[in-house]
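Shown here: work-v4.cif, mmCIF, C-alpha atoms.
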```
data_upload
loop_
_atom_site.label_atom_id
_atom_site.label_comp_id
_atom_site.auth_asym_id
_atom_site.auth_seq_id
_atom_site.Cartn_x
_atom_site.Cartn_y
_atom_site.Cartn_z
CA VAL A 298 24.46 -4.48 13.19
CA LYS A 299 22.90 -6.78 15.77
CA GLN A 300 26.16 -6.94 17.69
CA LYS A 301 26.46 -3.14 17.64
CA THR A 302 22.99 -2.70 19.13
CA ALA A 303 23.22 -5.37 21.82
CA HIS A 304 24.18 -2.82 24.51
CA LEU A 305 21.11 -0.62 23.92
CA PRO A 306 18.13 -0.72 26.31
CA VAL A 307 15.49 -3.34 25.60
CA GLY A 308 12.87 -1.84 23.31
CA THR A 309 15.32 0.36 21.41
CA GLN A 310 17.46 -2.33 19.79
CA ALA A 311 15.55 -2.62 16.51
CA TYR A 312 17.64 -1.33 13.62
CA MET A 313 15.17 1.46 12.86
CA HIS A 314 16.28 3.22 16.06
CA LEU A 315 19.80 3.75 14.73
CA GLY A 316 20.70 7.42 14.29
CA ASP A 317 18.14 8.45 16.90
CA GLY A 318 15.32 7.46 14.56
CA ARG A 319 16.06 10.16 11.98
CA LEU A 320 15.18 7.77 9.16
CA MET A 321 11.84 6.69 10.65
CA ARG A 322 8.73 7.60 8.65
CA PRO A 323 5.08 6.55 8.59
CA ILE A 324 4.61 3.26 6.73
CA GLN A 325 3.79 3.68 3.08
CA CYS A 326 5.10 0.40 1.68
CA PHE A 327 5.14 -3.01 3.35
CA VAL A 328 8.02 -4.99 1.82
CA SER A 329 7.27 -8.68 1.26
CA HIS A 330 10.47 -10.65 0.65
CA THR A 331 12.06 -14.00 1.35
CA TRP A 332 14.92 -14.54 3.76
CA GLY A 333 16.30 -17.13 1.33
CA GLY A 334 17.06 -14.48 -1.26
CA ALA A 335 20.19 -12.38 -1.69
CA ALA A 336 20.31 -8.99 0.02
CA ALA A 337 21.43 -7.06 -3.07
CA PRO A 338 18.29 -7.64 -5.23
CA LEU A 339 16.06 -6.86 -2.24
CA LEU A 340 17.74 -3.56 -1.42
CA THR A 341 18.17 -2.60 -5.08
CA SER A 342 14.48 -3.20 -5.76
CA VAL A 343 13.43 -1.07 -2.79
CA VAL A 344 15.84 1.77 -3.61
CA GLU A 345 14.79 1.86 -7.27
CA HIS A 346 11.13 1.85 -6.24
CA GLY A 347 11.69 4.83 -3.97
CA GLU A 348 13.67 6.68 -6.63
CA ARG A 349 10.80 6.27 -9.12
CA ILE A 350 8.33 7.74 -6.63
CA VAL A 351 10.57 10.74 -5.92
CA ALA A 352 11.29 11.24 -9.64
CA ALA A 353 7.54 11.39 -10.27
CA GLY A 354 7.22 14.21 -7.75
CA GLY A 355 6.22 12.14 -4.72
CA GLU A 356 7.71 12.24 -1.25
CA GLU A 357 10.40 9.80 -0.19
CA PRO A 358 8.40 6.78 1.03
CA GLY A 359 8.70 4.96 4.33
CA TYR A 360 9.16 1.20 4.11
CA TYR A 361 8.27 -1.55 6.56
CA LEU A 362 11.16 -4.00 6.20
CA ASP A 363 10.92 -6.62 8.92
CA ILE A 364 14.64 -7.10 9.50
CA ALA A 365 14.91 -3.40 10.33
CA VAL A 366 11.65 -2.98 12.22
CA VAL A 367 11.13 -6.23 14.14
CA ASP A 368 13.53 -6.37 17.09
CA GLN A 369 15.90 -9.14 16.05
CA HIS A 370 17.17 -9.41 19.64
CA GLN A 371 13.72 -10.60 20.66
CA ILE A 372 12.86 -12.64 17.54
CA ASP A 373 15.93 -13.73 15.57
CA GLN A 374 14.45 -14.30 12.12
CA ALA A 375 17.83 -14.82 10.50
CA ALA A 376 18.67 -17.71 12.83
CA ALA A 377 15.46 -19.53 11.78
CA ASP A 378 15.27 -21.15 15.20
CA SER A 379 12.64 -19.01 16.93
CA ALA A 380 8.97 -18.99 16.02
CA MET A 381 6.92 -15.86 15.50
CA PRO A 382 4.26 -16.01 18.26
CA PHE A 383 0.74 -16.01 16.85
CA HIS A 384 -0.16 -12.70 18.55
CA VAL A 385 2.97 -11.08 17.07
CA LEU A 386 2.06 -12.44 13.65
CA MET A 387 -1.38 -10.84 13.97
CA LYS A 388 -0.16 -7.52 15.39
CA GLU A 389 3.19 -6.91 13.72
CA PHE A 390 2.48 -8.21 10.25
CA LEU A 391 -1.24 -8.22 9.63
CA GLY A 392 -1.59 -4.90 11.46
CA LYS A 393 1.20 -3.27 9.45
CA ILE A 394 -0.19 -4.58 6.16
CA LYS A 395 -3.56 -2.99 6.98
CA CYS A 396 -2.06 0.46 7.56
CA ALA A 397 0.28 0.42 4.53
CA MET A 398 -0.56 2.25 1.32
CA GLU A 399 0.73 -0.69 -0.71
CA VAL A 400 2.49 -4.03 -0.35
CA VAL A 401 5.56 -4.46 -2.57
CA VAL A 402 6.61 -8.03 -3.37
CA VAL A 403 10.24 -8.64 -4.27
CA ALA A 404 9.97 -11.44 -6.86
CA ASP A 405 13.50 -12.40 -7.83
CA PRO A 406 14.86 -14.25 -9.65
CA PHE A 407 12.26 -13.47 -12.34
CA ASN A 408 12.29 -16.94 -13.89
CA ASP A 409 11.71 -18.75 -10.60
CA PRO A 410 10.65 -16.25 -7.92
CA LEU A 411 11.50 -17.44 -4.42
CA ALA A 412 8.51 -15.53 -3.04
CA ALA A 413 6.16 -17.98 -4.77
CA LYS A 414 7.56 -20.81 -2.65
CA ARG A 415 7.65 -19.10 0.73
CA MET A 416 4.68 -19.25 3.06
CA TRP A 417 5.34 -15.80 4.49
CA CYS A 418 5.22 -14.04 1.10
CA LEU A 419 2.09 -15.85 -0.06
CA PHE A 420 0.42 -15.04 3.24
CA GLU A 421 1.35 -11.35 3.08
CA VAL A 422 -0.02 -10.99 -0.45
CA ALA A 423 -3.24 -12.79 0.48
CA MET A 424 -3.74 -10.55 3.52
CA ALA A 425 -3.12 -7.43 1.44
CA LYS A 426 -5.73 -8.56 -1.07
CA LYS A 427 -8.19 -9.32 1.72
CA GLU A 428 -7.69 -5.86 3.26
CA GLY A 429 -7.87 -4.04 -0.07
CA VAL A 430 -4.25 -2.90 0.00
CA PRO A 431 -2.71 -2.41 -3.49
CA ILE A 432 0.04 -4.88 -4.40
CA ARG A 433 3.08 -4.14 -6.57
CA VAL A 434 5.75 -6.58 -7.79
CA LEU A 435 9.37 -5.42 -7.68
CA VAL A 436 12.54 -6.76 -9.26
CA PRO A 437 15.80 -4.92 -9.96
CA LYS A 438 15.89 -3.16 -13.35
CA LYS A 439 18.39 -5.64 -14.77
CA GLU A 440 16.12 -8.54 -13.77
CA GLU A 441 13.15 -6.79 -15.38
CA MET A 442 15.09 -6.36 -18.61
CA ALA A 443 16.09 -10.02 -18.56
CA LEU A 444 12.43 -10.99 -18.08
CA ARG A 445 11.38 -8.79 -21.00
CA GLU A 446 13.94 -10.44 -23.25
CA ALA A 447 12.81 -13.89 -22.14
CA VAL A 448 9.10 -13.36 -22.73
CA MET A 449 9.68 -11.60 -26.05
CA GLY A 450 11.87 -14.43 -27.33
CA GLU A 451 10.90 -17.72 -28.89
CA GLY A 452 8.94 -19.80 -26.39
CA GLY A 453 8.54 -16.81 -24.12
CA HIS A 454 5.13 -18.01 -23.00
CA GLU A 455 6.84 -20.99 -21.37
CA THR A 456 8.69 -18.59 -19.05
CA LEU A 457 5.37 -17.20 -17.85
CA LEU A 458 3.88 -20.67 -17.54
CA ARG A 459 6.75 -21.77 -15.29
CA MET A 460 6.28 -18.70 -13.12
CA MET A 461 2.59 -19.49 -12.63
CA GLN A 462 3.22 -23.19 -12.01
CA SER A 463 5.71 -22.33 -9.27
CA VAL A 464 2.88 -20.90 -7.13
CA ASP A 465 1.58 -23.62 -4.83
CA CYS A 466 0.65 -22.45 -1.36
CA SER A 467 -0.09 -25.97 -0.10
CA SER A 468 3.57 -26.95 -0.60
CA ALA A 469 5.11 -23.60 0.40
CA THR A 470 7.38 -23.62 3.43
CA ALA A 471 8.71 -21.38 6.18
CA SER A 472 12.10 -21.64 7.89
CA VAL A 473 10.45 -22.22 11.26
CA LEU A 474 7.84 -24.98 11.44
CA GLU A 475 5.79 -23.18 14.09
CA ASP A 476 5.59 -20.09 11.86
CA GLU A 477 4.35 -22.27 9.03
CA LYS A 478 1.68 -23.78 11.28
CA ASN A 479 0.50 -20.34 12.43
CA ILE A 480 0.31 -19.00 8.88
CA ARG A 481 -1.56 -22.08 7.67
CA ARG A 482 -3.99 -21.57 10.53
CA LEU A 483 -4.62 -17.99 9.40
CA ILE A 484 -5.05 -19.00 5.77
CA GLU A 485 -7.53 -21.69 6.67
CA GLU A 486 -9.48 -19.35 8.93
CA VAL A 487 -9.60 -16.07 7.01
CA VAL A 488 -8.82 -16.61 3.29
CA GLU A 489 -11.77 -17.49 1.09
CA GLY A 490 -10.87 -20.64 -0.82
CA GLY A 491 -8.02 -21.53 1.53
CA TYR A 492 -4.77 -22.49 -0.17
CA GLY A 493 -6.31 -22.42 -3.62
CA GLY A 494 -7.56 -18.92 -2.91
CA VAL A 495 -4.05 -17.78 -1.97
CA ASP A 496 -2.65 -19.32 -5.17
CA ARG A 497 -5.20 -17.46 -7.30
CA ILE A 498 -4.41 -14.17 -5.57
CA PHE A 499 -0.65 -14.52 -6.08
CA LYS A 500 -1.01 -15.64 -9.70
CA ASP A 501 -3.29 -12.68 -10.42
CA VAL A 502 -0.67 -10.34 -8.95
CA LEU A 503 2.07 -11.83 -11.15
CA ALA A 504 -0.19 -11.73 -14.22
CA GLU A 505 -1.08 -8.05 -13.75
CA TRP A 506 2.59 -7.19 -13.29
CA ILE A 507 3.54 -9.00 -16.51
CA LYS A 508 0.67 -7.37 -18.43
CA GLY A 509 1.70 -3.91 -17.29
CA MET A 510 5.31 -4.51 -18.23
CA MET A 511 4.36 -5.91 -21.63
CA ARG A 512 2.07 -2.98 -22.44
CA VAL A 513 4.99 -0.61 -21.94
CA LEU A 514 7.28 -2.81 -24.02
CA LEU A 515 4.78 -3.22 -26.87
CA ASP A 516 4.63 0.53 -27.30
CA THR A 517 8.23 0.36 -28.51
CA PHE A 518 7.18 -1.71 -31.54
CA GLU A 519 5.81 -0.13 -34.68
CA GLU A 520 2.02 -0.22 -35.00
CA GLY A 521 0.96 -3.20 -37.13
CA SER A 522 4.31 -4.97 -36.91
CA TRP A 523 4.46 -8.73 -36.53
CA GLU A 524 6.11 -8.46 -33.11
CA ARG A 525 3.47 -6.11 -31.79
CA GLU A 526 0.50 -8.09 -33.09
CA ARG A 527 1.81 -11.47 -31.99
CA LYS A 528 2.91 -10.46 -28.51
CA THR A 529 -0.25 -8.44 -27.92
CA HIS A 530 -2.34 -11.53 -28.64
CA VAL A 531 -0.23 -13.89 -26.56
CA TYR A 532 0.49 -11.78 -23.46
CA ILE A 533 -2.14 -9.10 -23.08
CA TYR A 534 -5.20 -11.18 -23.85
#
```

Would you mind giving the structure from this file in structure tokens?
Amino acid sequence: VKQKTAHLPVGTQAYMHLGDGRLMRPIQCFVSHTWGGAAAPLLTSVVEHGERIVAAGGEEPGYYLDIAVVDQHQIDQAAADSAMPFHVLMKEFLGKIKCAMEVVVVADPFNDPLAAKRMWCLFEVAMAKKEGVPIRVLVPKKEEMALREAVMGEGGHETLLRMMQSVDCSSATASVLEDEKNIRRLIEEVVEGGYGGVDRIFKDVLAEWIKGMMRVLLDTFEEGSWERERKTHVYIY
């Protein structure tokens, strides 16, 4: 796509301008994802999220997905060799998070989410929390089913424990060192509790997602059954 847009005038080369902007909409959802992940789970998660909203009677949402919105001719994120200038970080990302209706975090694979190890994702979630923007975790349906099976099985609590232990903002990285420095600067300046504060925010987001998923799953068990009573005690409380 980048090659196909190289001939366009500067300022109109971002992918969102394709098709004369017919697919452009006001931002409803800011998509937080990692560039180290596969494209299929990312796109599947976003598409399924939109389908659920439409199926519930809502309008088709508009997503802020950086690879489509940030002009990759000016800042080549995929190449991982050009830093995001601090003013762009503040304007493009923090500004867009503030105006979004929710931030959706793509957390695949479920048993070791890459987002928990990437400075960008941790930063985006922390900024959403700071600005009071709702946060939702997304994984493809098949990943969600695999997670349900894992946590409902023997030793399922260990799966959740590993997920929580994987969150460590102080050791998280970014592909470009200068980006990492800029994000760390923001965390240190504006997040209460610094790196520990970011960790708590991200862990809380994961925990609420798991609780919500488990509440739905527990309703499939008969009232008073061993499975329902045991899993309710372990996961909901």

Hey, could you make a per-residue contact list for segment 461-496 of chain A against segment 416-439 of chain A with 8 Å as the cut-off, showing the nearest pair of atoms and its distance in Å to one decimal, counting only C-alpha atoms, sorted by chain and number, as a tab-separated table?
```
residue	atom	partner	partner_atom	distance
A:Cys466	CA	A:Met416	CA	6.8
A:Ala469	CA	A:Met416	CA	5.1
A:Thr470	CA	A:Met416	CA	5.2
A:Ala471	CA	A:Met416	CA	5.5
A:Glu477	CA	A:Met416	CA	6.7
A:Ile480	CA	A:Phe420	CA	6.9
A:Ile484	CA	A:Phe420	CA	7.2
A:Val488	CA	A:Ala423	CA	7.3
A:Val495	CA	A:Ala423	CA	5.6
A:Asp496	CA	A:Leu419	CA	7.8
```

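Going from atom CA of Pro338 of chain A over to atom CA of Pro410 of chain A, you cover 11.8 Å.
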
- Can you work out the spacing between atom CA of Glu489 of chain A and atom CA of Asp501 of chain A in Å, to one decimal?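 So the two atoms, atom CA of Glu489 of chain A and atom CA of Asp501 of chain A, lie 15.1 Å apart.
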
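Distances to Leu362 of chain A were evaluated for A:Ala335, A:Leu503, A:Gln325, A:Lys395 using all atoms listed in the file, and the minimum falls at A:Gln325.
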
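Here atom CA of Thr331 of chain A stands at a distance of 8.0 Å from atom CA of Val403 of chain A.
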
Show me, as JSON, the centre and edge lengths in Å to one decimal of the axis-aligned box that covers every listed atom of segment 461-476 of chain A with 3 Å on each side.
```
{"center_x": 6.0, "center_y": -23.2, "center_z": 0.7, "size_x": 18.2, "size_y": 13.5, "size_z": 32.7}
```

- Counting only C-alpha atoms, the option among A:Phe499, A:Trp332, A:Tyr492, A:Tyr361 closest to Gly392 of chain A: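 For Gly392 of chain A, the nearest of the given residues is A:Tyr361.
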
- Applied to the shown file, which residues does the PyMOL selection byres ((chain A and resi 406) around 9) return, written as a PyMOL selection string? chain A and resi 334+338+404-405+407-411+436+440

For Val328 of chain A, list every protein, DNA or RNA residue within 9 Å, evaluated using all atoms listed in the file, and leave out those in the same chain fewer than 4 positions away; present the list as a tab-separated table (two decimals) with C-alpha atoms, in the coordinates of the input.
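Full text of part_38.tsv as output:
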```
chain	number	residue	atom	x	y	z
A	343	VAL	CA	13.43	-1.07	-2.79
A	360	TYR	CA	9.16	1.20	4.11
A	361	TYR	CA	8.27	-1.55	6.56
A	362	LEU	CA	11.16	-4.00	6.20
A	363	ASP	CA	10.92	-6.62	8.92
A	399	GLU	CA	0.73	-0.69	-0.71
A	400	VAL	CA	2.49	-4.03	-0.35
A	401	VAL	CA	5.56	-4.46	-2.57
A	402	VAL	CA	6.61	-8.03	-3.37
A	403	VAL	CA	10.24	-8.64	-4.27
```

- Task: For the file shown, report as a ChimeraX atom specification the outcome of the PyMOL selection byres ((chain A and resi 347) around 12) at residue level.
- Result: /A:325-326,328,340-346,348-360,401,435

Write out, as an mmCIF file, keeping the file's coordinate frame, the residues just selected, with C-alpha atoms.
```cif
data_model
loop_
_atom_site.group_PDB
_atom_site.id
_atom_site.type_symbol
_atom_site.label_atom_id
_atom_site.label_comp_id
_atom_site.auth_asym_id
_atom_site.auth_seq_id
_atom_site.Cartn_x
_atom_site.Cartn_y
_atom_site.Cartn_z
ATOM 1 C CA GLN A 325 3.790 3.680 3.080
ATOM 2 C CA CYS A 326 5.100 0.400 1.680
ATOM 3 C CA VAL A 328 8.020 -4.990 1.820
ATOM 4 C CA LEU A 340 17.740 -3.560 -1.420
ATOM 5 C CA THR A 341 18.170 -2.600 -5.080
ATOM 6 C CA SER A 342 14.480 -3.200 -5.760
ATOM 7 C CA VAL A 343 13.430 -1.070 -2.790
ATOM 8 C CA VAL A 344 15.840 1.770 -3.610
ATOM 9 C CA GLU A 345 14.790 1.860 -7.270
ATOM 10 C CA HIS A 346 11.130 1.850 -6.240
ATOM 11 C CA GLU A 348 13.670 6.680 -6.630
ATOM 12 C CA ARG A 349 10.800 6.270 -9.120
ATOM 13 C CA ILE A 350 8.330 7.740 -6.630
ATOM 14 C CA VAL A 351 10.570 10.740 -5.920
ATOM 15 C CA ALA A 352 11.290 11.240 -9.640
ATOM 16 C CA ALA A 353 7.540 11.390 -10.270
ATOM 17 C CA GLY A 354 7.220 14.210 -7.750
ATOM 18 C CA GLY A 355 6.220 12.140 -4.720
ATOM 19 C CA GLU A 356 7.710 12.240 -1.250
ATOM 20 C CA GLU A 357 10.400 9.800 -0.190
ATOM 21 C CA PRO A 358 8.400 6.780 1.030
ATOM 22 C CA GLY A 359 8.700 4.960 4.330
ATOM 23 C CA TYR A 360 9.160 1.200 4.110
ATOM 24 C CA VAL A 401 5.560 -4.460 -2.570
ATOM 25 C CA LEU A 435 9.370 -5.420 -7.680
#
```
